[in-house]
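K.L.:
Have a look at this one before I ask anything.
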There are 2 protein chains.
Amino acid sequence: MKRIAILGSTGSIGTSTLKIVESYPERFSVATMAAGSNLDLAFEQAMRWRPKVLSVAGEEAADVLRKRLVAAGAAEIEVVWGTAGTVKVSTHPEVDFVVSAIVGVAGLEATYEAVKAGKEIGLANKECLVAAGDLIIDEARRQGNPLLPIDSEHNAVHQCLRGGRAEEVERIWLTASGGPFLHAPKEAFAGITVAQALNHPTWKMGKRITIDSATLMNKGFEVIEAIRLFHLPPERTKVVVHPQSTVHSMVEYRDGSILAQISVTDMCLPILYALTWPERIASDLRFDVLSLSRLDFYPPDLDKFPCLRLAYEAVEAGGARTVALNAADEVAVAAFLQGEIPFLGIPATIQAVLNETSTRKPESIEEVLAMDQEAREQARRAIKIAAASAVQ
Amino acid sequence: MKRIAILGSTGSIGTSTLKIVESYPERFSVATMAAGSNLDLAFEQAMRWRPKVLSVAGEEAADVLRKRLVAAGAAEIEVVWGTAGTVKVSTHPEVDFVVSAIVGVAGLEATYEAVKAGKEIGLANKECLVAAGDLIIDEARRQGNPLLPIDSEHNAVHQCLRGGRAEEVERIWLTASGGPFLHAPKEAFAGITVAQALNHPTWKMGKRITIDSATLMNKGFEVIEAIRLFHLPPERTKVVVHPQSTVHSMVEYRDGSILAQISVTDMCLPILYALTWPERIASDLRFDVLSLSRLDFYPPDLDKFPCLRLAYEAVEAGGARTVALNAADEVAVAAFLQGEIPFLGIPATIQAVLNETSTRKPESIEEVLAMDQEAREQARRAIKIAAASAVQ
C-alpha cells in the first residue's frame, strides 16, 4: 500500500490522483492533503478520503473547515494551514509518496522538505524546477530520489529514456501542441483577445497555463524543467510543434534511434506511471493505434512566440533569471487576463524584468522566494510604465 | 573487438554490415564470410576483409574462387562450400557475433549451429523464425542467447521493449508501409503486373521481398517472427499501416503507454544496434525530427491483402504450416515473376498448400527442410493445376 500526500488536491492533477486512488484501492491510500481555495471541494474530499492531515491556504479557512468537519463527525482530521501546514502534509511520517501539484511558489518549500525527508516525489509543480530547480535537484540527487515527472512531456521523456543509458542520449524533443495561434500570422498577434487565448485546442486546463500554452511560455518552462530533470544542456533540449498532442515527447539517441511516447491526453496516465514506477500496472487508459490517423510536426517559430526564446535565454544565463521568468510571467498573464496589457505585453514585460535580473544562483528556498517577490514587483512596475506610455 | 561472421555477405544486409565494420575498425572485424552467387563481389570482399574462411554455394564456385584468391596473393583464406561450409563460417572459434542474413532456408542450419555454439546472433534471415522458429528460439533460450533482430520492425520492437517488463506488454504494433497497392481498389488487384509490384515506395530491396511487401506477406512473416521472438500470442501482435515507414514499430504497455521507434530507413541502424547492444554508439545515421512532417496510420485491409490473413492463420494453426507458408510463398512469387500466375495467384497458391499441410511440429532442422521441400512441390503442383484450368 502506497500512502500518498496530495499537494493541490482540489486542482486538476489532485482530482486525477484521487480518481486513480479510487480505481486501485488495494495499492494506494490518501494519507494527507493540501487543498487550495475551493473549501467546499476540500471538505468533500476530506469526508471521502479521511486524510490524517488537511492543509488549506489561510488560518480563517482552516477554522471554518475544522468546524464543518467536526460537525460532520470527522473530528479526527487535523486541519492546518499555510506553508507550515503544507510542509506538515508533505513530510508526515505516514506518507510514502508526495504528488506535488500546488500551482505557484506555494508548493516549493513543502516539496523541498519532502525530498529532504526522503519521500518519493511525483512532480507536477513547475516552479519546483523552473524557480528552485538546482536546489531541489541537488537535494534529490543526494537522497537518491528519482523525482518522477507528472507533466505529460517529461513523463514521456522519462519513459523513452529507459531505451538507453544517460550518456547515450543525443537530445530530447518536447512536443508542443502549438496552442490556438500556431497558424495565426505574426501581424495578428498584437490583437489577440483574452477569449481567443483561453481557447486551447487539445487540453482543458487552468487559465494561467492555458495562456502560457498560447504564448508557448509553458513549453519554455518545460524546456527548463527538462534541462534540470534530465541533466542536458539547453542546445540538446529541443521543442517540436505537434498539434495533435499524441506523441507526448521523444528521446533521440546517439546511434540515430528516436523513441517516442504515445498515449491518450489524460493526466491520469503520467500520474499512474509515477505512482507505480518502476512497475507498469494495467489501466483502462487505452489509446487505439488504429485510430492514430495523421500526425503533424513542425519547427517552432521563435519569432512569433518570443516567450519560448526568453525561456532558453533565461536558463542559459541561469541564476535568478529562471525565478524571474516564472514570476514575471505570472504577473504579466494576470495583467493580460485583466485587460491591462495586450497579448504581446506578456513577453515584453518578461523581457523587461529579465533585463534587470541578476544571474546569481539562489542558495535557499527563502532566497528563491525573495527573488520571486522582487521579480513580481519589477513586473508590476514594467506593466504600469507600459500602460502609461500606451495612454500617451 | 567483436569478430563477425557474415552469412550473406554479398546481399544488402551483408554489404551494410561491411559498411559498419569499415566505419568502426576499432570495434569490429570480419572473421568469416558466406557469400551467395555473386562471385566477383565475394572475391572483392575477401581481398578487402581477408576472412579466415569464405564459403560459397557450390563446389565448382569454391574451386574458381580459391584459384583467384591464390593468384591474388590471398592463399591463406580457406574457401569452403555448401551447408557444411556455411556452418564452418558461423561456428568458427574466432567468431563472436553472427550476422544471419542468407536469404531462404540455406541459412537455417548455420544459424541453428551458431546458436548451439553460443555465438551472439543478429537475425535478418526470416526463415530462421518463420520456418524453424520454435527450434531456434528454444535453443537460444537454453543458451541465454538474446537473438538480436536486424529487421527494422523487430529491431524497433526490441528497442521499445526496454521501456517496461515483458509481463507489462499489452501488444506490439508492427508498422507496414502498405506497399505500392495500399490505395489501389480491390478490383485492380487481379490485373497487377510484375513491373507494378516491383515498384516499392520506400525501401529498395531484393525482388522476392519487394513482391512480399506488395502482397503484405512480408508483414505476415514479420508477425510470425515477432510472435516467436517476443513470446506473444497472435492476437497481441498487430499490424498498422504507416506509409511513410518512419515509425518502425511500437510497443503498447498495459498502463496505456505506447513507445514508438523512429529513425532513418537505413538497415545500417538496426545492424549497428544489434552489433553493439546493450550499448548504443554514436553514428551519422541521423533523422531530423524537425523534418518529420506528416505521419499517417491506417488499419490493414485483410480483404485486399489475404496473404497477411494467411500468415495469422498459419501461425495460429502452428506446426508445419509456417514452414509451408514460407516455402509456398517463395515458389508462388517466383511463378508470378515468371508470368506463370497472376498477382492474386500468390495467395491462392499459398492457400491451396496450407490446406494440405499438417499442423505437426518439426523436431529438427532436417524435418523443417523436408517439410519445406514438400510444400514447394505442392505449390508447384497447385500452380500447374491453376495454369491448366486458366487455359481451358
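Chain labels follow the order of the C-alpha cells: the first chain is A, the next B, and so on; residue numbering restarts at 1 in every chain, and ligands are counted from 1 in their shown order.
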Once you count only C-alpha atoms, which residues of chain A turn out to be within 6 Å of chain B? Could you give them as a list in words?
P.N.:
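Every residue of chain A that passes the 6 Å test is in Arg162, Gly163, Arg254, Asp255, Gly256, Ser257, Ile258, Leu259, Ala260, Gln261, Ile262, Ser263, Arg280, Ile281, Ala282, Ser283, Leu285, Arg286, Leu290, Leu292, Ser293, Arg294, Leu295, Asp296, Phe297, Tyr298 and Pro299 of chain A.
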K.L.:
Please, could you write that set of residues out with N, CA, C and O atoms as a CSV table (one decimal), in the first residue's frame?
P.N.:
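Output file again30.csv is given in full below:
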chain,number,residue,atom,x,y,z
A,162,ARG,N,14.3,5.1,-20.9
A,162,ARG,CA,14.5,3.7,-20.5
A,162,ARG,C,15.1,2.9,-21.6
A,162,ARG,O,15.6,1.8,-21.5
A,163,GLY,N,15.1,3.4,-22.9
A,163,GLY,CA,15.6,2.8,-24.0
A,163,GLY,C,17.1,2.9,-24.2
A,163,GLY,O,17.7,2.4,-25.2
A,254,ARG,N,22.3,8.6,-29.6
A,254,ARG,CA,23.4,8.9,-30.4
A,254,ARG,C,23.6,8.0,-31.6
A,254,ARG,O,24.3,8.3,-32.6
A,255,ASP,N,23.0,6.8,-31.5
A,255,ASP,CA,23.1,5.9,-32.7
A,255,ASP,C,22.1,6.3,-33.8
A,255,ASP,O,22.1,5.8,-34.9
A,256,GLY,N,21.2,7.3,-33.5
A,256,GLY,CA,20.2,7.7,-34.5
A,256,GLY,C,18.8,7.2,-34.3
A,256,GLY,O,17.9,7.6,-35.0
A,257,SER,N,18.6,6.4,-33.3
A,257,SER,CA,17.3,5.9,-32.9
A,257,SER,C,16.6,7.0,-32.1
A,257,SER,O,17.2,7.6,-31.2
A,258,ILE,N,15.3,7.1,-32.4
A,258,ILE,CA,14.5,8.0,-31.6
A,258,ILE,C,13.3,7.2,-31.0
A,258,ILE,O,12.7,6.4,-31.7
A,259,LEU,N,13.1,7.3,-29.7
A,259,LEU,CA,12.0,6.7,-29.1
A,259,LEU,C,10.9,7.8,-28.7
A,259,LEU,O,11.3,8.9,-28.3
A,260,ALA,N,9.7,7.5,-29.1
A,260,ALA,CA,8.6,8.4,-28.8
A,260,ALA,C,7.5,7.8,-28.0
A,260,ALA,O,7.3,6.6,-28.0
A,261,GLN,N,6.9,8.6,-27.1
A,261,GLN,CA,5.8,8.0,-26.3
A,261,GLN,C,4.5,8.6,-26.7
A,261,GLN,O,4.3,9.8,-27.0
A,262,ILE,N,3.5,7.6,-26.9
A,262,ILE,CA,2.2,8.0,-27.4
A,262,ILE,C,1.2,7.5,-26.4
A,262,ILE,O,1.3,6.4,-25.9
A,263,SER,N,0.1,8.3,-26.1
A,263,SER,CA,-0.9,7.8,-25.2
A,263,SER,C,-2.1,8.8,-25.3
A,263,SER,O,-2.0,9.8,-26.0
A,280,ARG,N,4.7,-1.1,-14.3
A,280,ARG,CA,3.5,-0.5,-15.1
A,280,ARG,C,2.4,-1.4,-14.8
A,280,ARG,O,2.4,-2.6,-14.9
A,281,ILE,N,1.3,-0.8,-14.3
A,281,ILE,CA,0.1,-1.7,-14.0
A,281,ILE,C,-1.0,-1.4,-15.0
A,281,ILE,O,-1.0,-0.4,-15.7
A,282,ALA,N,-1.9,-2.4,-15.1
A,282,ALA,CA,-3.0,-2.3,-16.1
A,282,ALA,C,-3.9,-1.1,-15.8
A,282,ALA,O,-4.3,-0.9,-14.7
A,283,SER,N,-4.3,-0.4,-16.9
A,283,SER,CA,-5.3,0.6,-16.7
A,283,SER,C,-6.3,0.6,-17.9
A,283,SER,O,-6.1,-0.2,-18.9
A,285,LEU,N,-6.8,3.3,-19.6
A,285,LEU,CA,-6.5,4.5,-20.4
A,285,LEU,C,-5.9,4.1,-21.7
A,285,LEU,O,-4.7,4.4,-22.0
A,286,ARG,N,-6.7,3.4,-22.5
A,286,ARG,CA,-6.2,2.9,-23.8
A,286,ARG,C,-6.2,3.9,-24.9
A,286,ARG,O,-7.1,4.7,-25.0
A,290,LEU,N,-5.0,2.0,-34.1
A,290,LEU,CA,-5.6,2.0,-35.5
A,290,LEU,C,-6.4,3.3,-35.8
A,290,LEU,O,-6.7,3.6,-36.9
A,292,LEU,N,-4.9,6.2,-34.9
A,292,LEU,CA,-3.9,7.2,-34.9
A,292,LEU,C,-4.1,8.3,-35.9
A,292,LEU,O,-3.9,9.4,-35.7
A,293,SER,N,-4.4,7.9,-37.1
A,293,SER,CA,-4.5,8.7,-38.3
A,293,SER,C,-3.3,9.7,-38.4
A,293,SER,O,-2.2,9.3,-38.0
A,294,ARG,N,-3.6,10.9,-38.8
A,294,ARG,CA,-2.5,11.7,-39.2
A,294,ARG,C,-1.8,12.4,-38.0
A,294,ARG,O,-2.4,12.9,-37.1
A,295,LEU,N,-0.5,12.5,-38.0
A,295,LEU,CA,0.3,13.2,-37.0
A,295,LEU,C,1.2,14.3,-37.8
A,295,LEU,O,1.8,13.9,-38.7
A,296,ASP,N,1.2,15.5,-37.3
A,296,ASP,CA,2.0,16.5,-37.9
A,296,ASP,C,3.1,17.1,-37.0
A,296,ASP,O,2.9,17.1,-35.8
A,297,PHE,N,4.2,17.5,-37.6
A,297,PHE,CA,5.3,18.0,-36.8
A,297,PHE,C,5.9,19.2,-37.6
A,297,PHE,O,6.0,19.2,-38.8
A,298,TYR,N,6.2,20.3,-36.8
A,298,TYR,CA,6.8,21.5,-37.4
A,298,TYR,C,7.9,22.0,-36.5
A,298,TYR,O,7.7,21.8,-35.3
A,299,PRO,N,8.8,22.8,-37.0
A,299,PRO,CA,9.7,23.5,-36.1
A,299,PRO,C,8.9,24.6,-35.4
A,299,PRO,O,8.0,25.2,-36.0
K.L.:
Need to verify the contact set: Arg68 (chain A), 12 Å, only C-alpha atoms, exclusion of same-chain residues closer than 4 positions in sequence. Can you return it as a compact mmCIF listing (two decimals) with all heavy atoms, in the first residue's frame?
P.N.:
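Generated output (around_36.txt):
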# COMPACT_ATOMS: atom_id res chain seq x y z
N LEU A 39 -12.97 25.50 -0.78
CA LEU A 39 -13.19 24.85 0.51
C LEU A 39 -14.28 23.79 0.47
O LEU A 39 -14.22 22.79 1.20
CB LEU A 39 -13.51 25.89 1.58
CG LEU A 39 -12.34 26.81 1.96
CD1 LEU A 39 -12.69 27.57 3.23
CD2 LEU A 39 -11.06 26.02 2.15
N ASP A 40 -15.30 24.01 -0.36
CA ASP A 40 -16.38 23.01 -0.45
C ASP A 40 -15.83 21.69 -0.97
O ASP A 40 -16.12 20.62 -0.44
CB ASP A 40 -17.50 23.51 -1.36
CG ASP A 40 -18.32 24.60 -0.68
OD1 ASP A 40 -18.27 24.67 0.57
OD2 ASP A 40 -19.00 25.37 -1.38
N ALA A 42 -12.67 20.78 -0.88
CA ALA A 42 -11.73 20.27 0.12
C ALA A 42 -12.48 19.51 1.22
O ALA A 42 -12.06 18.43 1.64
CB ALA A 42 -10.93 21.42 0.73
N PHE A 43 -13.62 20.06 1.64
CA PHE A 43 -14.45 19.39 2.66
C PHE A 43 -14.94 18.04 2.16
O PHE A 43 -14.82 17.01 2.84
CB PHE A 43 -15.63 20.31 3.02
CG PHE A 43 -16.66 19.64 3.89
CD1 PHE A 43 -16.41 19.45 5.25
CD2 PHE A 43 -17.87 19.19 3.37
CE1 PHE A 43 -17.36 18.83 6.07
CE2 PHE A 43 -18.82 18.56 4.17
CZ PHE A 43 -18.56 18.38 5.53
N GLU A 44 -15.48 18.05 0.95
CA GLU A 44 -15.99 16.81 0.34
C GLU A 44 -14.89 15.74 0.24
O GLU A 44 -15.10 14.57 0.59
CB GLU A 44 -16.41 17.15 -1.09
CG GLU A 44 -17.80 16.71 -1.49
CD GLU A 44 -18.04 17.19 -2.91
OE1 GLU A 44 -17.54 16.53 -3.84
OE2 GLU A 44 -18.68 18.24 -3.09
N ALA A 46 -12.14 15.58 1.97
CA ALA A 46 -11.72 15.14 3.30
C ALA A 46 -12.70 14.12 3.87
O ALA A 46 -12.30 13.11 4.47
CB ALA A 46 -11.59 16.35 4.23
N MET A 47 -14.01 14.35 3.66
CA MET A 47 -15.02 13.41 4.15
C MET A 47 -14.89 12.05 3.45
O MET A 47 -15.07 11.01 4.05
CB MET A 47 -16.43 13.98 3.94
CG MET A 47 -16.78 15.16 4.85
SD MET A 47 -16.55 14.79 6.62
CE MET A 47 -17.82 13.53 6.87
N ALA A 61 -9.78 30.08 6.89
CA ALA A 61 -10.33 28.95 6.14
C ALA A 61 -10.17 27.66 6.93
O ALA A 61 -11.06 26.80 6.97
CB ALA A 61 -9.65 28.83 4.77
N ALA A 62 -9.01 27.52 7.60
CA ALA A 62 -8.76 26.31 8.40
C ALA A 62 -9.78 26.21 9.53
O ALA A 62 -10.31 25.12 9.80
CB ALA A 62 -7.33 26.35 8.96
N ASP A 63 -10.08 27.34 10.19
CA ASP A 63 -11.07 27.35 11.28
C ASP A 63 -12.45 26.91 10.78
O ASP A 63 -13.11 26.06 11.39
CB ASP A 63 -11.17 28.75 11.91
CG ASP A 63 -9.94 29.07 12.75
OD1 ASP A 63 -9.23 28.11 13.14
OD2 ASP A 63 -9.69 30.27 12.99
N VAL A 64 -12.86 27.49 9.66
CA VAL A 64 -14.17 27.17 9.08
C VAL A 64 -14.26 25.67 8.76
O VAL A 64 -15.21 24.97 9.13
CB VAL A 64 -14.40 28.00 7.79
CG1 VAL A 64 -15.66 27.51 7.06
CG2 VAL A 64 -14.50 29.49 8.13
N ALA A 72 -19.53 17.24 10.99
CA ALA A 72 -19.87 16.11 10.12
C ALA A 72 -19.33 14.79 10.67
O ALA A 72 -19.42 13.75 10.00
CB ALA A 72 -19.30 16.37 8.71
N GLY A 73 -18.75 14.84 11.87
CA GLY A 73 -18.28 13.60 12.50
C GLY A 73 -16.88 13.19 12.10
O GLY A 73 -16.49 12.03 12.24
N ALA A 74 -16.08 14.13 11.56
CA ALA A 74 -14.71 13.80 11.15
C ALA A 74 -13.71 14.63 11.95
O ALA A 74 -12.78 15.23 11.40
CB ALA A 74 -14.55 14.03 9.65
N ALA A 75 -13.90 14.63 13.28
CA ALA A 75 -13.06 15.44 14.16
C ALA A 75 -11.62 14.96 14.17
O ALA A 75 -10.71 15.70 14.56
CB ALA A 75 -13.62 15.42 15.58
N ILE A 77 -9.66 14.43 11.74
CA ILE A 77 -8.81 15.03 10.71
C ILE A 77 -8.19 16.32 11.24
O ILE A 77 -8.89 17.23 11.67
CB ILE A 77 -9.63 15.34 9.43
CG1 ILE A 77 -10.21 14.05 8.85
CG2 ILE A 77 -8.76 16.06 8.39
CD1 ILE A 77 -11.15 14.26 7.67
N VAL A 79 -6.69 19.77 10.86
CA VAL A 79 -6.71 20.82 9.84
C VAL A 79 -5.64 21.86 10.16
O VAL A 79 -5.62 22.41 11.26
CB VAL A 79 -8.10 21.49 9.75
CG1 VAL A 79 -8.11 22.55 8.64
CG2 VAL A 79 -9.18 20.44 9.49
K.L.:
From region 78-201 of chain A, collect each residue whose DSSP state is helix (DSSP H, G or I) and return the set as a compact mmCIF listing (two decimals) with N, CA and C atoms, in the first residue's frame.
P.N.:
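And here's result.txt as it stands now:
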# COMPACT_ATOMS: atom_id res chain seq x y z
N GLY A 82 -1.34 27.25 5.70
CA GLY A 82 -0.14 27.98 5.30
C GLY A 82 1.03 27.08 4.93
N THR A 83 2.19 27.70 4.83
CA THR A 83 3.39 26.95 4.43
C THR A 83 3.71 25.85 5.44
N ALA A 84 3.59 26.19 6.73
CA ALA A 84 3.88 25.18 7.75
C ALA A 84 2.92 24.00 7.61
N GLY A 85 1.65 24.31 7.31
CA GLY A 85 0.66 23.26 7.12
C GLY A 85 1.01 22.37 5.93
N THR A 86 1.39 22.99 4.81
CA THR A 86 1.72 22.20 3.62
C THR A 86 2.95 21.33 3.87
N VAL A 87 3.92 21.87 4.59
CA VAL A 87 5.11 21.08 4.92
C VAL A 87 4.71 19.89 5.81
N LYS A 88 3.79 20.11 6.74
CA LYS A 88 3.32 19.03 7.60
C LYS A 88 2.68 17.92 6.75
N VAL A 89 1.91 18.35 5.76
CA VAL A 89 1.26 17.39 4.84
C VAL A 89 2.30 16.58 4.06
N SER A 90 3.33 17.25 3.57
CA SER A 90 4.27 16.57 2.67
C SER A 90 5.32 15.74 3.41
N THR A 91 5.53 16.05 4.71
CA THR A 91 6.59 15.33 5.43
C THR A 91 6.02 14.39 6.49
N VAL A 105 4.60 29.23 -6.39
CA VAL A 105 5.71 29.01 -5.46
C VAL A 105 5.24 28.45 -4.12
N ALA A 106 3.91 28.43 -3.89
CA ALA A 106 3.38 27.92 -2.62
C ALA A 106 3.82 26.47 -2.37
N GLY A 107 4.07 25.70 -3.45
CA GLY A 107 4.43 24.30 -3.26
C GLY A 107 5.92 24.07 -3.05
N LEU A 108 6.72 25.12 -3.23
CA LEU A 108 8.18 24.96 -3.20
C LEU A 108 8.71 24.34 -1.92
N GLU A 109 8.41 25.00 -0.82
CA GLU A 109 9.01 24.57 0.44
C GLU A 109 8.56 23.16 0.83
N ALA A 110 7.26 22.91 0.63
CA ALA A 110 6.74 21.58 1.00
C ALA A 110 7.40 20.48 0.17
N THR A 111 7.66 20.77 -1.09
CA THR A 111 8.29 19.76 -1.94
C THR A 111 9.75 19.56 -1.55
N TYR A 112 10.42 20.68 -1.31
CA TYR A 112 11.83 20.61 -0.91
C TYR A 112 11.98 19.82 0.39
N GLU A 113 11.10 20.10 1.36
CA GLU A 113 11.18 19.39 2.64
C GLU A 113 10.84 17.91 2.47
N ALA A 114 9.92 17.62 1.55
CA ALA A 114 9.56 16.21 1.31
C ALA A 114 10.75 15.46 0.71
N VAL A 115 11.46 16.12 -0.20
CA VAL A 115 12.67 15.49 -0.76
C VAL A 115 13.66 15.23 0.37
N LYS A 116 13.86 16.24 1.23
CA LYS A 116 14.80 16.07 2.34
C LYS A 116 14.38 14.95 3.27
N GLU A 127 7.17 25.25 -10.73
CA GLU A 127 8.05 26.15 -10.00
C GLU A 127 9.19 25.39 -9.31
N CYS A 128 8.90 24.15 -8.91
CA CYS A 128 9.92 23.36 -8.23
C CYS A 128 11.18 23.24 -9.08
N LEU A 129 11.01 23.18 -10.41
CA LEU A 129 12.18 23.04 -11.25
C LEU A 129 12.56 24.34 -11.94
N VAL A 130 11.56 25.16 -12.30
CA VAL A 130 11.86 26.40 -13.02
C VAL A 130 12.52 27.40 -12.07
N GLY A 133 14.95 24.90 -9.23
CA GLY A 133 15.41 23.66 -9.83
C GLY A 133 16.68 23.09 -9.24
N ASP A 134 17.74 23.86 -9.25
CA ASP A 134 19.03 23.30 -8.83
C ASP A 134 18.99 22.84 -7.38
N LEU A 135 18.33 23.64 -6.52
CA LEU A 135 18.24 23.29 -5.11
C LEU A 135 17.57 21.94 -4.91
N ILE A 136 16.40 21.79 -5.56
CA ILE A 136 15.63 20.56 -5.37
C ILE A 136 16.31 19.37 -6.03
N ILE A 137 16.84 19.59 -7.23
CA ILE A 137 17.52 18.51 -7.94
C ILE A 137 18.75 18.04 -7.16
N ASP A 138 19.52 19.00 -6.66
CA ASP A 138 20.73 18.63 -5.92
C ASP A 138 20.38 17.82 -4.68
N GLU A 139 19.34 18.27 -3.98
CA GLU A 139 18.92 17.56 -2.77
C GLU A 139 18.41 16.15 -3.13
N ALA A 140 17.63 16.08 -4.22
CA ALA A 140 17.10 14.78 -4.64
C ALA A 140 18.24 13.83 -4.99
N ARG A 141 19.26 14.38 -5.66
CA ARG A 141 20.39 13.52 -6.02
C ARG A 141 21.11 13.02 -4.77
N ARG A 142 21.26 13.90 -3.81
CA ARG A 142 21.89 13.46 -2.54
C ARG A 142 21.11 12.33 -1.91
N GLN A 143 19.78 12.41 -2.02
CA GLN A 143 18.90 11.40 -1.40
C GLN A 143 18.74 10.16 -2.27
N SER A 152 2.97 15.62 -18.78
CA SER A 152 2.92 14.55 -19.78
C SER A 152 4.20 14.50 -20.62
N GLU A 153 4.80 15.65 -20.90
CA GLU A 153 6.01 15.65 -21.73
C GLU A 153 7.20 15.01 -21.01
N HIS A 154 7.41 15.43 -19.77
CA HIS A 154 8.57 14.90 -19.04
C HIS A 154 8.36 13.46 -18.67
N ASN A 155 7.11 13.11 -18.42
CA ASN A 155 6.81 11.72 -18.17
C ASN A 155 7.12 10.88 -19.40
N ALA A 156 6.79 11.41 -20.57
CA ALA A 156 7.10 10.71 -21.83
C ALA A 156 8.61 10.56 -21.99
N VAL A 157 9.34 11.62 -21.70
CA VAL A 157 10.80 11.54 -21.80
C VAL A 157 11.33 10.49 -20.83
N HIS A 158 10.81 10.50 -19.61
CA HIS A 158 11.23 9.52 -18.61
C HIS A 158 11.04 8.10 -19.15
N GLN A 159 9.93 7.86 -19.81
CA GLN A 159 9.66 6.54 -20.38
C GLN A 159 10.65 6.22 -21.51
N CYS A 160 10.86 7.20 -22.39
CA CYS A 160 11.75 6.96 -23.54
C CYS A 160 13.20 6.80 -23.12
N LEU A 161 13.56 7.40 -22.00
CA LEU A 161 14.94 7.29 -21.52
C LEU A 161 15.27 5.88 -21.06
N ARG A 162 14.25 5.05 -20.89
CA ARG A 162 14.51 3.66 -20.50
C ARG A 162 15.14 2.87 -21.65
N GLY A 163 15.10 3.45 -22.86
CA GLY A 163 15.64 2.76 -24.03
C GLY A 163 17.15 2.86 -24.18
N ALA A 166 22.09 7.15 -19.95
CA ALA A 166 22.10 8.62 -19.94
C ALA A 166 23.13 9.17 -20.92
N GLU A 167 24.32 8.56 -20.96
CA GLU A 167 25.38 9.12 -21.80
C GLU A 167 25.13 8.80 -23.29
N GLU A 168 24.11 8.02 -23.58
CA GLU A 168 23.80 7.68 -24.98
C GLU A 168 22.74 8.62 -25.58
N LYS A 186 1.86 36.52 -38.03
CA LYS A 186 2.54 37.31 -37.00
C LYS A 186 1.82 38.64 -36.74
N GLU A 187 1.26 39.23 -37.78
CA GLU A 187 0.59 40.53 -37.65
C GLU A 187 -0.62 40.44 -36.72
N ALA A 188 -1.23 39.23 -36.62
CA ALA A 188 -2.44 39.09 -35.82
C ALA A 188 -2.17 39.07 -34.32
N PHE A 189 -0.90 38.82 -33.92
CA PHE A 189 -0.61 38.60 -32.50
C PHE A 189 -0.90 39.83 -31.63
N ALA A 190 -0.70 41.02 -32.18
CA ALA A 190 -0.92 42.23 -31.40
C ALA A 190 -2.37 42.34 -30.94
N GLY A 191 -3.31 41.81 -31.75
CA GLY A 191 -4.72 41.98 -31.44
C GLY A 191 -5.39 40.78 -30.78
N VAL A 194 -8.38 38.00 -24.90
CA VAL A 194 -8.35 37.03 -23.80
C VAL A 194 -9.17 35.78 -24.17
N ALA A 195 -10.35 35.99 -24.76
CA ALA A 195 -11.21 34.85 -25.11
C ALA A 195 -10.52 33.94 -26.12
N GLN A 196 -9.87 34.53 -27.11
CA GLN A 196 -9.14 33.72 -28.10
C GLN A 196 -8.01 32.93 -27.43
N ALA A 197 -7.29 33.58 -26.54
CA ALA A 197 -6.13 32.95 -25.91
C ALA A 197 -6.55 31.83 -24.95
K.L.:
Where in region 76-152 of chain A does DSSP assign strand (DSSP E or B), given as a list in words?
P.N.:
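Residues meeting the strand (DSSP E or B) criterion: Glu78, Val79, Val80, Trp81, Phe97, Val98, Val99, Ser100, Glu120, Ile121, Gly122, Leu123, Leu148 and Pro149 of chain A.
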K.L.:
Which residues are near region 100-102 of chain B? Cut-off 8 Å, only C-alpha atoms, ignore same chain within fewer than 4 positions. Put them as a list in words.
P.N.:
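Within the cut-off, the hits are Ile6, Leu7, Gly8, Ser9, Gly11, Ile13, Gly14, Gly36, Ala106, Gly107, Thr111, Ile121, Gly122, Leu123, Ala124 and Asn125 of chain B.
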